[in-house]
Structures are given as structure tokens and as C-alpha cells.
>>> print(open('structure_23.cif').read())   # mmCIF, C-alpha atoms
data_protein
loop_
_atom_site.label_atom_id
_atom_site.label_comp_id
_atom_site.auth_asym_id
_atom_site.auth_seq_id
_atom_site.Cartn_x
_atom_site.Cartn_y
_atom_site.Cartn_z
CA MET J 199 8.40 11.32 23.05
CA ARG J 200 8.97 10.18 19.47
CA LYS J 201 6.18 8.22 17.84
CA ALA J 202 6.56 4.96 15.91
CA VAL J 203 4.12 2.92 13.85
CA CYS J 204 4.58 -0.81 14.47
CA LEU J 205 3.15 -3.49 12.20
CA LEU J 206 1.53 -6.04 14.49
CA SER J 207 0.06 -9.22 13.03
CA GLY J 208 -0.36 -10.96 16.37
CA GLY J 209 2.46 -13.38 15.57
CA LEU J 210 5.60 -14.05 17.55
CA ASP J 211 7.88 -11.90 15.37
CA SER J 212 5.70 -8.79 15.20
CA ALA J 213 5.02 -8.96 18.97
CA THR J 214 8.79 -8.99 19.58
CA SER J 215 9.46 -6.21 17.08
CA THR J 216 6.75 -4.03 18.66
CA ALA J 217 8.23 -4.70 22.10
CA CYS J 218 11.59 -3.43 20.75
CA ALA J 219 9.93 -0.10 19.87
CA VAL J 220 8.51 0.16 23.40
CA ARG J 221 11.96 -0.70 24.83
CA ASP J 222 13.57 1.98 22.65
CA GLY J 223 11.31 4.63 24.20
CA PHE J 224 8.89 5.23 21.33
CA GLU J 225 5.25 6.11 21.78
CA VAL J 226 3.89 3.13 19.88
CA TYR J 227 0.99 3.08 17.40
CA ALA J 228 0.28 -0.53 16.44
CA LEU J 229 -1.18 -1.31 13.03
CA SER J 230 -2.94 -4.55 12.08
CA PHE J 231 -4.64 -5.61 8.87
CA ASP J 232 -7.83 -7.46 8.20
CA TYR J 233 -6.78 -8.40 4.65
CA GLY J 234 -8.98 -11.38 4.03
CA GLN J 235 -6.65 -13.84 5.74
CA ARG J 236 -8.42 -17.12 6.35
CA HIS J 237 -8.15 -16.93 10.11
CA GLN J 238 -9.37 -14.02 12.18
CA VAL J 239 -7.71 -15.53 15.27
CA GLU J 240 -4.60 -13.52 14.25
CA LEU J 241 -6.45 -10.24 14.77
CA HIS J 242 -7.57 -11.21 18.26
CA ALA J 243 -3.96 -12.08 19.10
CA ALA J 244 -2.87 -8.63 17.82
CA GLU J 245 -5.38 -6.95 20.13
CA ARG J 246 -4.16 -8.94 23.14
CA VAL J 247 -0.51 -8.22 22.38
CA ALA J 248 -1.14 -4.49 21.82
CA HIS J 249 -2.91 -4.33 25.16
CA GLN J 250 -0.16 -6.21 26.99
CA LEU J 251 2.53 -3.93 25.54
CA GLY J 252 0.60 -0.82 26.56
CA VAL J 253 0.66 0.89 23.17
CA ALA J 254 -0.61 4.46 22.73
CA GLY J 255 -2.92 3.45 19.87
CA HIS J 256 -3.95 0.43 17.80
CA LYS J 257 -5.75 0.45 14.47
CA THR J 258 -6.93 -2.47 12.36
CA ILE J 259 -7.29 -1.48 8.72
CA ARG J 260 -9.46 -3.49 6.37
CA ILE J 261 -8.10 -4.14 2.91
CA ASP J 262 -9.38 -6.95 0.77
CA LEU J 263 -6.29 -8.66 -0.68
CA ARG J 264 -8.31 -11.88 -0.97
CA SER J 265 -10.17 -10.51 -3.97
CA PHE J 266 -6.86 -10.58 -5.90
CA GLY J 267 -6.14 -14.26 -5.14
CA GLY J 268 -2.74 -15.89 -5.53
CA SER J 269 -1.95 -17.19 -2.04
CA ALA J 270 -2.66 -20.13 0.25
CA LEU J 271 -3.14 -17.63 3.10
CA THR J 272 -6.11 -15.95 1.49
CA ASP J 273 -7.44 -18.51 -1.01
CA GLU J 274 -8.91 -21.96 -0.65
CA ILE J 275 -5.53 -23.56 -1.39
CA ASP J 276 -4.27 -26.13 1.13
CA VAL J 277 -1.49 -24.93 3.42
CA PRO J 278 1.40 -27.41 3.16
CA LYS J 279 1.95 -29.58 6.23
CA GLY J 280 4.76 -31.61 7.71
CA ARG J 281 8.50 -31.87 7.34
CA GLN J 282 8.39 -33.66 3.98
CA THR J 283 6.93 -30.87 1.90
CA GLY J 284 10.21 -29.15 1.12
CA GLU J 285 8.40 -25.83 1.47
CA MET J 286 10.74 -24.63 4.19
CA SER J 287 13.90 -25.16 2.25
CA HIS J 288 13.21 -24.43 -1.41
CA GLY J 289 11.98 -21.33 -3.22
CA ILE J 290 9.10 -19.06 -2.39
CA PRO J 291 6.26 -20.88 -0.62
CA ILE J 292 2.61 -20.85 -1.65
CA THR J 293 1.82 -19.01 1.59
CA TYR J 294 3.43 -15.94 -0.03
CA VAL J 295 0.81 -13.20 -0.44
CA PRO J 296 1.60 -10.98 -3.45
CA ALA J 297 3.21 -7.70 -2.34
CA ARG J 298 1.79 -8.03 1.17
CA ASN J 299 4.59 -6.34 3.08
CA THR J 300 4.66 -3.54 0.51
CA VAL J 301 0.95 -2.89 0.97
CA PHE J 302 1.31 -3.03 4.76
CA LEU J 303 4.38 -0.77 4.88
CA SER J 304 2.74 1.74 2.53
CA ILE J 305 -0.28 2.06 4.77
CA ALA J 306 2.02 2.29 7.81
CA LEU J 307 3.83 5.11 6.01
CA ALA J 308 0.54 6.93 5.44
CA TRP J 309 -0.34 6.69 9.13
CA ALA J 310 3.19 7.62 10.21
CA GLU J 311 3.19 10.75 8.10
CA ALA J 312 -0.25 11.80 9.38
CA LEU J 313 0.90 11.19 13.00
CA GLY J 314 4.20 13.03 12.56
CA ALA J 315 6.11 9.78 13.16
CA ALA J 316 9.35 9.07 11.30
CA ASP J 317 9.84 5.49 12.50
CA ILE J 318 8.19 2.26 11.40
CA PHE J 319 8.86 -1.13 12.98
CA LEU J 320 8.45 -4.37 11.04
CA GLY J 321 9.13 -7.85 12.40
CA VAL J 322 10.64 -9.37 9.26
CA ASN J 323 13.39 -11.91 9.46
CA ALA J 324 15.88 -12.95 6.82
CA VAL J 325 17.19 -16.05 8.60
CA ASP J 326 14.13 -18.25 9.15
CA TYR J 327 12.25 -16.24 6.57
CA SER J 328 10.85 -19.12 4.52
CA GLY J 329 11.92 -17.54 1.25
CA TYR J 330 9.68 -14.46 1.18
CA PRO J 331 11.25 -11.80 -1.08
CA ASP J 332 9.75 -8.95 0.95
CA CYS J 333 11.63 -9.99 4.11
CA ARG J 334 15.14 -9.31 2.74
CA PRO J 335 17.37 -6.38 3.78
CA GLU J 336 17.75 -5.14 0.19
CA TYR J 337 13.97 -4.90 -0.11
CA ILE J 338 13.69 -2.95 3.15
CA GLU J 339 16.41 -0.52 2.02
CA ALA J 340 14.64 0.05 -1.28
CA PHE J 341 11.34 0.68 0.50
CA GLU J 342 12.97 3.20 2.85
CA LYS J 343 14.53 5.08 -0.04
CA MET J 344 11.21 5.18 -1.89
CA ALA J 345 9.38 6.34 1.27
CA ASN J 346 11.65 9.36 1.62
CA LEU J 347 10.93 10.41 -1.96
CA ALA J 348 7.19 9.72 -1.64
CA THR J 349 6.24 11.92 1.24
CA LYS J 350 5.90 15.54 2.16
CA ALA J 351 7.79 14.88 5.39
CA GLY J 352 10.63 13.14 3.52
CA VAL J 353 10.91 15.83 0.84
CA GLU J 354 10.67 18.82 3.16
CA GLY J 355 13.19 17.16 5.44
CA SER J 356 11.00 17.53 8.53
CA SER J 357 11.58 13.84 9.16
CA ARG J 358 13.55 11.09 7.52
CA PHE J 359 11.64 7.83 7.58
CA THR J 360 13.41 4.82 8.99
CA ILE J 361 12.12 1.26 8.64
CA HIS J 362 13.34 -0.59 11.74
CA THR J 363 13.72 -4.34 11.39
CA PRO J 364 15.21 -5.35 14.74
CA LEU J 365 14.80 -9.08 14.04
CA ILE J 366 16.17 -9.24 10.52
CA ARG J 367 19.45 -10.97 11.42
CA LEU J 368 18.18 -13.04 14.36
CA SER J 369 17.34 -16.74 14.42
CA LYS J 370 13.92 -17.76 15.71
CA ALA J 371 15.57 -18.85 18.97
CA ASP J 372 17.28 -15.45 19.32
CA ILE J 373 13.97 -13.68 18.71
CA ILE J 374 12.29 -15.74 21.43
CA ARG J 375 15.13 -15.09 23.88
CA LEU J 376 15.02 -11.36 23.12
CA GLY J 377 11.24 -11.14 23.50
CA THR J 378 11.30 -13.15 26.72
CA SER J 379 13.93 -10.78 28.14
CA MET J 380 11.61 -7.85 27.34
CA GLY J 381 8.60 -9.51 28.97
CA VAL J 382 6.67 -10.44 25.82
CA ASP J 383 3.95 -12.95 26.71
CA TYR J 384 4.13 -15.45 23.81
CA GLY J 385 1.01 -17.14 25.17
CA LEU J 386 -0.91 -14.19 23.68
CA THR J 387 0.58 -14.57 20.20
CA HIS J 388 -0.55 -16.66 17.26
CA SER J 389 1.70 -18.20 14.60
CA CYS J 390 -0.22 -21.01 12.90
CA TYR J 391 -1.18 -20.74 9.21
CA ASP J 392 -4.01 -23.22 9.61
CA PRO J 393 -5.47 -23.27 13.13
CA VAL J 394 -8.02 -25.88 14.09
CA GLY J 395 -10.73 -24.40 16.31
CA GLY J 396 -8.41 -21.53 17.23
CA SER J 397 -5.53 -23.84 18.25
CA PRO J 398 -2.24 -24.21 16.34
CA CYS J 399 -2.10 -27.20 13.96
CA GLY J 400 1.50 -27.99 14.92
CA GLU J 401 2.28 -29.08 11.35
CA CYS J 402 2.53 -26.02 9.10
CA ASP J 403 5.84 -24.22 8.40
CA SER J 404 5.01 -21.51 10.88
CA CYS J 405 4.21 -23.97 13.71
CA LEU J 406 7.34 -26.01 12.93
CA LEU J 407 9.59 -22.91 12.96
CA ARG J 408 8.07 -21.81 16.24
CA GLU J 409 8.50 -25.22 17.85
CA ALA J 410 12.13 -25.47 16.73
CA GLY J 411 12.79 -21.91 17.93
CA PHE J 412 11.52 -22.54 21.45
CA ALA J 413 13.43 -25.83 21.57
CA GLU J 414 16.69 -24.17 20.51
CA ALA J 415 16.15 -21.31 22.98
CA GLY J 416 15.64 -23.88 25.73
CA LEU J 417 12.26 -22.33 26.58
CA LYS J 418 8.79 -23.73 26.78
CA ASP J 419 6.14 -22.34 24.40
CA PRO J 420 3.13 -21.33 26.50
CA LEU J 421 0.92 -22.24 23.53
CA ALA J 422 2.37 -25.76 23.43
CA GLN J 423 1.60 -26.15 27.13
CA ALA J 424 -1.99 -25.17 26.40
CA ARG J 425 -2.35 -27.87 23.73
CA MET G 2 -2.11 -10.32 -24.88
CA ARG G 3 -0.11 -8.76 -22.05
CA LYS G 4 -2.04 -7.56 -19.04
CA ALA G 5 -1.66 -4.19 -17.33
CA VAL G 6 -3.13 -2.77 -14.13
CA CYS G 7 -4.16 0.88 -14.59
CA LEU G 8 -4.89 3.21 -11.70
CA LEU G 9 -8.10 4.99 -12.57
CA SER G 10 -9.43 7.73 -10.30
CA GLY G 11 -12.01 8.98 -12.74
CA GLY G 12 -10.04 12.18 -13.36
CA LEU G 13 -8.75 13.54 -16.63
CA ASP G 14 -5.17 12.34 -16.17
CA SER G 15 -5.93 8.75 -15.13
CA ALA G 16 -8.49 8.39 -17.94
CA THR G 17 -5.82 9.45 -20.44
CA SER G 18 -3.17 7.21 -18.90
CA THR G 19 -5.54 4.22 -19.00
CA ALA G 20 -6.35 5.00 -22.64
CA CYS G 21 -2.58 4.86 -23.35
CA ALA G 22 -2.49 1.28 -22.03
CA VAL G 23 -5.41 0.35 -24.31
CA ARG G 24 -3.65 2.03 -27.26
CA ASP G 25 -0.44 0.12 -26.47
CA GLY G 26 -2.30 -3.19 -26.81
CA PHE G 27 -2.57 -4.22 -23.16
CA GLU G 28 -5.46 -6.16 -21.71
CA VAL G 29 -6.41 -3.54 -19.12
CA TYR G 30 -7.44 -4.11 -15.51
CA ALA G 31 -8.55 -0.79 -14.02
CA LEU G 32 -8.17 -0.18 -10.30
CA SER G 33 -9.99 2.48 -8.31
CA PHE G 34 -9.99 3.29 -4.61
CA ASP G 35 -12.71 4.19 -2.21
CA TYR G 36 -10.27 5.69 0.31
CA GLY G 37 -12.58 7.95 2.25
CA GLN G 38 -12.31 10.83 -0.21
CA ARG G 39 -14.99 13.39 0.48
CA HIS G 40 -16.68 12.98 -2.86
CA GLN G 41 -17.91 9.67 -4.24
CA VAL G 42 -18.65 11.32 -7.58
CA GLU G 43 -15.04 10.39 -8.52
CA LEU G 44 -15.87 6.68 -8.29
CA HIS G 45 -18.87 6.99 -10.56
CA ALA G 46 -16.66 8.78 -13.09
CA ALA G 47 -14.12 5.92 -12.87
CA GLU G 48 -16.86 3.40 -13.66
CA ARG G 49 -18.03 5.39 -16.67
CA VAL G 50 -14.50 5.82 -18.00
CA ALA G 51 -13.63 2.12 -17.51
CA HIS G 52 -16.76 1.18 -19.44
CA GLN G 53 -16.06 3.61 -22.27
CA LEU G 54 -12.50 2.34 -22.63
CA GLY G 55 -13.67 -1.28 -22.76
CA VAL G 56 -11.37 -2.61 -20.03
CA ALA G 57 -11.12 -6.34 -19.28
CA GLY G 58 -11.77 -5.80 -15.58
CA HIS G 59 -12.38 -3.04 -13.05
CA LYS G 60 -12.06 -3.28 -9.27
CA THR G 61 -12.74 -0.67 -6.63
CA ILE G 62 -10.84 -1.39 -3.43
CA ARG G 63 -11.92 0.09 -0.13
CA ILE G 64 -9.19 1.39 2.14
CA ASP G 65 -9.92 3.88 4.85
CA LEU G 66 -7.18 6.53 4.60
CA ARG G 67 -9.57 9.04 6.18
CA SER G 68 -9.08 7.45 9.58
CA PHE G 69 -5.44 8.63 9.48
CA GLY G 70 -6.33 12.27 8.77
CA GLY G 71 -3.87 14.85 7.48
CA SER G 72 -5.45 16.04 4.20
CA ALA G 73 -8.05 18.42 2.88
CA LEU G 74 -9.20 15.68 0.49
CA THR G 75 -10.27 13.35 3.28
CA ASP G 76 -10.77 15.63 6.31
CA GLU G 77 -13.12 18.47 7.05
CA ILE G 78 -10.48 21.01 6.03
CA ASP G 79 -11.54 23.62 3.46
CA VAL G 80 -10.17 23.07 -0.03
CA PRO G 81 -8.42 26.30 -1.13
CA LYS G 82 -10.23 28.26 -3.81
CA GLY G 83 -9.33 30.85 -6.40
CA ARG G 84 -6.22 32.19 -8.02
CA GLN G 85 -5.05 34.19 -4.99
CA THR G 86 -4.28 31.29 -2.67
CA GLY G 87 -0.76 30.64 -3.90
CA GLU G 88 -1.45 26.91 -3.51
CA MET G 89 -0.68 26.23 -7.15
CA SER G 90 2.73 27.81 -7.13
CA HIS G 91 4.32 27.23 -3.73
CA GLY G 92 5.16 24.07 -1.78
CA ILE G 93 3.07 21.01 -1.16
CA PRO G 94 -0.66 21.80 -1.02
CA ILE G 95 -3.04 20.78 1.77
CA THR G 96 -4.84 18.54 -0.71
CA TYR G 97 -1.82 16.19 -0.45
CA VAL G 98 -2.91 12.86 1.06
CA PRO G 99 -0.05 11.22 3.01
CA ALA G 100 1.60 8.46 0.95
CA ARG G 101 -1.48 8.08 -1.24
CA ASN G 102 0.23 7.13 -4.49
CA THR G 103 2.45 4.68 -2.58
CA VAL G 104 -0.57 2.95 -1.07
CA PHE G 105 -2.32 2.88 -4.45
CA LEU G 106 0.73 1.59 -6.36
CA SER G 107 1.37 -1.08 -3.72
CA ILE G 108 -2.14 -2.44 -4.07
CA ALA G 109 -1.82 -2.25 -7.86
CA LEU G 110 1.39 -4.26 -7.52
CA ALA G 111 -0.42 -6.91 -5.46
CA TRP G 112 -3.12 -7.25 -8.11
CA ALA G 113 -0.61 -7.21 -10.96
CA GLU G 114 1.40 -10.03 -9.43
CA ALA G 115 -1.73 -12.10 -8.79
CA LEU G 116 -2.87 -11.50 -12.41
CA GLY G 117 0.53 -12.28 -13.91
CA ALA G 118 0.80 -8.68 -15.16
CA ALA G 119 4.17 -6.90 -15.23
CA ASP G 120 2.91 -3.46 -16.20
CA ILE G 121 1.23 -0.76 -14.14
CA PHE G 122 -0.02 2.55 -15.55
CA LEU G 123 -0.28 5.67 -13.42
CA GLY G 124 -1.45 9.08 -14.63
CA VAL G 125 0.97 11.23 -12.64
CA ASN G 126 2.33 14.41 -14.05
CA ALA G 127 5.42 16.35 -13.03
CA VAL G 128 4.65 19.53 -14.97
CA ASP G 129 1.29 20.71 -13.64
CA TYR G 130 1.71 18.48 -10.61
CA SER G 131 0.83 21.01 -7.92
CA GLY G 132 3.86 20.08 -5.85
CA TYR G 133 2.98 16.50 -4.87
CA PRO G 134 6.18 14.59 -4.00
CA ASP G 135 4.72 11.28 -5.18
CA CYS G 136 4.27 12.52 -8.74
CA ARG G 137 8.00 13.00 -9.47
CA PRO G 138 10.08 10.78 -11.78
CA GLU G 139 12.63 10.01 -9.03
CA TYR G 140 9.84 8.71 -6.82
CA ILE G 141 8.47 6.50 -9.61
CA GLU G 142 11.94 5.06 -10.28
CA ALA G 143 12.42 4.28 -6.58
CA PHE G 144 9.03 2.57 -6.43
CA GLU G 145 9.81 0.45 -9.48
CA LYS G 146 13.13 -0.65 -8.01
CA MET G 147 11.46 -1.55 -4.71
CA ALA G 148 8.68 -3.45 -6.52
CA ASN G 149 11.17 -5.70 -8.27
CA LEU G 150 12.78 -6.60 -4.95
CA ALA G 151 9.42 -7.05 -3.19
CA THR G 152 7.79 -9.67 -5.34
CA LYS G 153 8.06 -13.31 -6.24
CA ALA G 154 7.70 -12.39 -9.91
CA GLY G 155 10.45 -9.77 -9.66
CA VAL G 156 12.87 -12.02 -7.76
CA GLU G 157 12.30 -15.13 -9.86
CA GLY G 158 12.64 -13.01 -12.97
CA SER G 159 9.37 -14.27 -14.48
CA SER G 160 8.45 -10.63 -14.98
CA ARG G 161 10.11 -7.29 -14.40
CA PHE G 162 7.60 -4.75 -13.18
CA THR G 163 7.41 -1.48 -15.06
CA ILE G 164 5.54 1.56 -13.79
CA HIS G 165 4.37 3.42 -16.90
CA THR G 166 3.77 7.14 -16.48
CA PRO G 167 2.91 8.24 -20.02
CA LEU G 168 1.88 11.75 -18.91
CA ILE G 169 4.76 12.58 -16.63
CA ARG G 170 6.43 15.11 -18.96
CA LEU G 171 3.28 16.48 -20.61
CA SER G 172 1.52 19.74 -19.91
CA LYS G 173 -2.21 19.62 -19.13
CA ALA G 174 -2.90 20.88 -22.66
CA ASP G 175 -0.73 18.10 -24.15
CA ILE G 176 -2.57 15.50 -22.04
CA ILE G 177 -5.93 16.76 -23.28
CA ARG G 178 -4.73 16.75 -26.91
CA LEU G 179 -3.36 13.22 -26.51
CA GLY G 180 -6.52 11.89 -24.88
CA THR G 181 -8.74 13.55 -27.46
CA SER G 182 -6.70 11.93 -30.26
CA MET G 183 -7.30 8.52 -28.61
CA GLY G 184 -11.04 9.12 -28.27
CA VAL G 185 -11.21 9.71 -24.51
CA ASP G 186 -14.56 11.25 -23.61
CA TYR G 187 -13.63 13.91 -21.06
CA GLY G 188 -17.32 14.51 -20.44
CA LEU G 189 -17.23 11.29 -18.40
CA THR G 190 -14.31 12.38 -16.19
CA HIS G 191 -14.28 14.29 -12.95
CA SER G 192 -11.53 16.63 -11.74
CA CYS G 193 -12.97 18.90 -9.05
CA TYR G 194 -11.74 18.68 -5.45
CA ASP G 195 -14.93 20.18 -4.09
CA PRO G 196 -17.95 19.52 -6.31
CA VAL G 197 -21.26 21.20 -5.57
CA GLY G 198 -24.18 18.85 -6.16
CA GLY G 199 -21.98 16.68 -8.39
CA SER G 200 -20.86 19.62 -10.55
CA PRO G 201 -17.33 21.08 -10.64
CA CYS G 202 -16.82 24.17 -8.45
CA GLY G 203 -14.68 25.88 -11.08
CA GLU G 204 -12.49 27.45 -8.39
CA CYS G 205 -10.23 24.79 -6.85
CA ASP G 206 -6.69 24.09 -8.14
CA SER G 207 -7.88 21.07 -10.06
CA CYS G 208 -10.70 22.93 -11.80
CA LEU G 209 -8.36 25.84 -12.62
CA LEU G 210 -5.70 23.54 -14.10
CA ARG G 211 -8.32 21.75 -16.17
CA GLU G 212 -9.80 25.00 -17.48
CA ALA G 213 -6.37 26.38 -18.39
CA GLY G 214 -5.45 23.07 -20.07
CA PHE G 215 -8.51 23.02 -22.33
CA ALA G 216 -7.98 26.70 -23.16
CA GLU G 217 -4.34 26.14 -24.11
CA ALA G 218 -5.24 23.04 -26.15
CA GLY G 219 -7.82 25.12 -28.01
CA LEU G 220 -10.51 22.60 -27.10
CA LYS G 221 -13.82 22.92 -25.33
CA ASP G 222 -14.29 21.04 -22.04
CA PRO G 223 -17.52 19.02 -22.33
CA LEU G 224 -18.00 19.50 -18.57
CA ALA G 225 -17.79 23.28 -18.95
CA GLN G 226 -20.43 23.12 -21.68
CA ALA G 227 -22.65 21.20 -19.26
CA ARG G 228 -22.33 23.88 -16.56
#
>>> encode(input="structure_23.cif", output="C-alpha cells")
Amino acid sequence: MRKAVCLLSGGLDSATSTACAVRDGFEVYALSFDYGQRHQVELHAAERVAHQLGVAGHKTIRIDLRSFGGSALTDEIDVPKGRQTGEMSHGIPITYVPARNTVFLSIALAWAEALGAADIFLGVNAVDYSGYPDCRPEYIEAFEKMANLATKAGVEGSSRFTIHTPLIRLSKADIIRLGTSMGVDYGLTHSCYDPVGGSPCGECDSCLLREAGFAEAGLKDPLAQAR
Amino acid sequence: MRKAVCLLSGGLDSATSTACAVRDGFEVYALSFDYGQRHQVELHAAERVAHQLGVAGHKTIRIDLRSFGGSALTDEIDVPKGRQTGEMSHGIPITYVPARNTVFLSIALAWAEALGAADIFLGVNAVDYSGYPDCRPEYIEAFEKMANLATKAGVEGSSRFTIHTPLIRLSKADIIRLGTSMGVDYGLTHSCYDPVGGSPCGECDSCLLREAGFAEAGLKDPLAQAR
């Protein structure tokens, strides 16, 4: 059974992407990060999702990106709210965390090489991607190329690393339909950038994208039912 | 004054590379890693070197690469000793840590972007490089390309990231001559893979390369004098 390392934040996208690796027959090693994000509720969601998907292993790695600053997700900057902010349509939002996916993929690469895995799954999306540069296909291709030059496994040819991004061309509604068809329980996931007492705020970009995605898919969000 | 992030392990090469950034007029932010290496003496050396070079800032980031396994530098695997091991001449040695430079450069990139720095210095060397894949020029070029696709600064064009590797084509003797000419105090550095009571073993690849480098440069290693 081939092994894969799957980045799992506990959000809707990474839960679906990890489920794709399970569907494709990989022995899945889920990787989460405690990176100084403001809300630890994400990490609990990752644990629940990993358990539901029956992964072979799950590690949460601590890395203090907060000490660098520069993002509303780690600093004491207000997360933008509501449909009037323009954040969803223009430029790179202030929820961007400098080089976050690069740091996460690099650590996934380290674990993959140590495990003898050649496959890494990442739930990035270039459709509803909110303008993050490190969610684009050209970035993923460049990372993959670098990874194969960086590693003993890549250089010796014992394995060629592949970064799988099964959601990259899907709309949020497509992702939700796909995950639902694979049995992902979205009631275990967490999307909100600014939860209030552990519950989604319903007003940040991430909540709005999620709400619109379920609506377009014609499905009910189990988290919305809970509210 | 332009800012640069300099990877500083506390070894001879990274001390020299960081001194190059100071020489080139950068405001230097030194970055070290507590990654589960077996010997913390490296981190003390990094602190001493950062202080001697008069850097603007120095951070040590904790990231547990030991939990992944796969290297003599983090695991309980014996570090090879002596000139008969063949480790220096053939293949990738067991002191290779999976994807280490990629993890380190990624975190340096995160800090650089948060600081508004476009320059990163790394003391890799492709001459006496002991076979590490992530010390080769083609790897560095691939990382740089990826970094400019990964980041807000790269995409918006506010800065184009450059990975400086001032030592990449130098022999160990040339590195020592260069550092000495810039006033680097090699008595503060640490090179050994397997120190005994804080002192270099004199028998691992790193000690042997250092000894040969000082001999070829016609200089005396202040650490050898201390032994």
C-alpha cells in the first residue's frame, strides 16, 4: 500500500482532499500545524476528521509563525466581515499568512521522505481561492519541481514526489458534492476565520464561501443546522 | 537599509555567509532552528556568532524534525567516523536530514516576507558539500523560482526574492580565507556532528572537512588550539 502525507487543517477543503487520498487507496498520514493561529478549534476539527477518515497516522507539528507577524490569522488584526469589504473580490486578503503553504508543504515533504512516501495531498483551490498566491497551479508545479531536486529520494530516483491537489479546479459547490459522495462528515469540519465561542461567525470570507457553496450544491451544512 | 534574513546554524559556513550579508550592507536578521538536532551546542554557537556580527535581530525557531526520523543528526544512529568510512566521497550520507534546507528556507521566506525583506542568505556549498542534494545550485534556483510564485510580495512585484549563496562555489579553504578577511571569529563557531562534552570529536566528516580547510588555507583553527 503506497503512503501519502495529507495536509489537514480541519477545514472543509482539506477534509475533502484527505478523503480523496483514502479513496485513491493510499495509506494516509495526516499532518496538521499548530502555527500560532488565533483559534485552536481548527486543530480539534482536524483530529475529528482524521479519526472519521480512519487515517494510519496523524501528527500535529508546532511551528510559531505568529512570532513573524504579518497576517490577520495570527496577529491581533481584525478579520474582515460581511459582503461589503471587497476582500473576496480584489487582491490578496489580509488573512494571507506569509509563505504558509510553502512552510506546510516543506514539512510535509520532510515527513514524506522519512516515511518513504512519494505523494502529498493539499486541499488548495484556485477557483474560490480568495486571491492567495500559494493556491495557484503554477506555484504547486514550482514546488513539486523544487521538491524533486531537494531530496535524497528525488535525486536517487527512488521516488518522484507528486503534490496532489484534487480540488484545484473545483468550485466550492463541487468540492462539497465530491466530499459528500465520499462520505465526508462536514459537521466535523471547521471553516470560520473568527469563531465566537467555537461557533462559526457566519460573516467572514470563509463562512460566506462555505454558505454559498452548500447553497449552490443544494445541500444543507450540518454546521448551519447546529447554529 | 535593505533587510536580509540569514540562516545561521552556528557552523563555519553559515557564520561566513552571514558575515557576507553584513559586508554587503544589509540589515541582518539571523534565523536559527532548534529542530531536534542531537546537540544543542550548535544553538549556543549561533547566538555567539550573531552577537559578534552585530545583527539587527536573531530568532531561534523550534520545529520538531526529530519526530519524523530518518537521519543520524536527529536519531540515535551512529555518526560515521574516520577517513575509512567512504561517507565523504560516495552518495548521500546518513547525516542527511530529509528536506531540511527546504524547511529552513521556507521559514526564512515567511520571516522575510513579514519583515519586508527580499534577500535570504544561506551558507550552502557545492564543492565540499558531502553529497547533500539540497546544497546544489539547481536546487537553490528551483527554490527561488517557487518562492516568487508563493508569496504576496513576489506576485505583487513589491520585491523579488533572491536566495544568496555566497559560498556555493568556494572550497572550505576559500571560505575560511574569506571569513577571516571579514573578521569572522571561527573560535565562536561549531562544526562537529558528534561533540564530546561540547568539544569537537575531530573524527566526523564535518570535523575532517574543517581540519583540511584550515590546513589548506594555511591558517590555525582556534577550536583546534583550544583542544
>>> residues_around(input="structure_23.cif", residues="Val325 (chain J)", least_positions_apart="4", cutoff="7 Å", atoms="all atoms listed in the file", output="ChimeraX atom specification")
/J:367-369
>>> atom_distance(input="structure_23.cif", atom1="CA of Leu241 (chain J)", atom2="CA of Trp309 (chain J)")
18.9 Å
>>> closest_residue(input="structure_23.cif", among="G:Ser15, G:Gln38, G:Ser33, G:Thr181", to="Gly58 (chain G)", atoms="only C-alpha atoms")
G:Ser33
>>> resolve_selection(input="structure_23.cif", expression="the PyMOL selection byres ((chain J) within 6 of (chain G))", output="ChimeraX atom specification")
/J:261,266,268,296-297,300-301,304-305,308-309,312,331-332,337,340-341,344,347-349
>>> atom_distance(input="structure_23.cif", atom1="CA of Lys201 (chain J)", atom2="CA of Glu245 (chain J)")
19.2 Å
>>> closest_residue(input="structure_23.cif", among="J:Val322, J:Leu229, J:Ala243, J:Leu210", to="Arg408 (chain J)", atoms="all atoms listed in the file")
J:Leu210
>>> axis_aligned_box(input="structure_23.cif", around="region 193-210 of chain G", padding_each_side="4 Å", output="JSON")
{"center_x": -14.9, "center_y": 22.1, "center_z": -9.1, "size_x": 26.5, "size_y": 18.8, "size_z": 18.0}
>>> atom_distance(input="structure_23.cif", atom1="CA of Leu9 (chain G)", atom2="CA of Gly158 (chain G)")
27.5 Å
>>> residues_around(input="structure_23.cif", residues="Thr166 (chain G)", least_positions_apart="2", cutoff="6 Å", atoms="only C-alpha atoms", output="VMD selection string")
chain G and resid 123 to 124 168 to 169
>>> resolve_selection(input="structure_23.cif", expression="the PyMOL selection byres ((chain G and resi 19-21) around 10)", output="VMD selection string")
chain G and resid 5 to 9 14 to 18 22 to 27 29 to 31 50 to 51 53 to 56 121 to 124 165 to 168 179 to 180 183 to 185
>>> closest_residue(input="structure_23.cif", among="J:Gly400, J:Gly208, J:Pro420, J:Gly385", to="His242 (chain J)", atoms="only C-alpha atoms")
J:Gly208
>>> closest_residue(input="structure_23.cif", among="J:Ser357, J:Ser389, J:Asp232, J:Ile373", to="Glu401 (chain J)", atoms="all atoms listed in the file")
J:Ser389
>>> closest_residue(input="structure_23.cif", among="J:Thr258, J:Thr387, J:Ser356, J:Ser379", to="Ala415 (chain J)", atoms="all atoms listed in the file")
J:Ser379
>>> residues_around(input="structure_23.cif", residues="region 276-278 of chain J", least_positions_apart="6", cutoff="9 Å", atoms="only C-alpha atoms", output="list in words")
Ala270, Glu285, Pro291, Ile292, Thr293, Tyr391, Asp392, Glu401, Cys402 and Asp403 of chain J
>>> residues_around(input="structure_23.cif", residues="Cys390 (chain J)", least_positions_apart="5", cutoff="6 Å", atoms="only C-alpha atoms", output="list in words")
Pro398, Ser404 and Cys405 of chain J
>>> resolve_selection(input="structure_23.cif", expression="the PyMOL selection byres ((chain J and resi 412) around 10)", output="list in words")
Lys370, Ala371, Asp372, Ile373, Ile374, Arg375, Leu407, Arg408, Glu409, Ala410, Gly411, Ala413, Glu414, Ala415, Gly416, Leu417, Lys418, Asp419, Pro420 and Ala422 of chain J
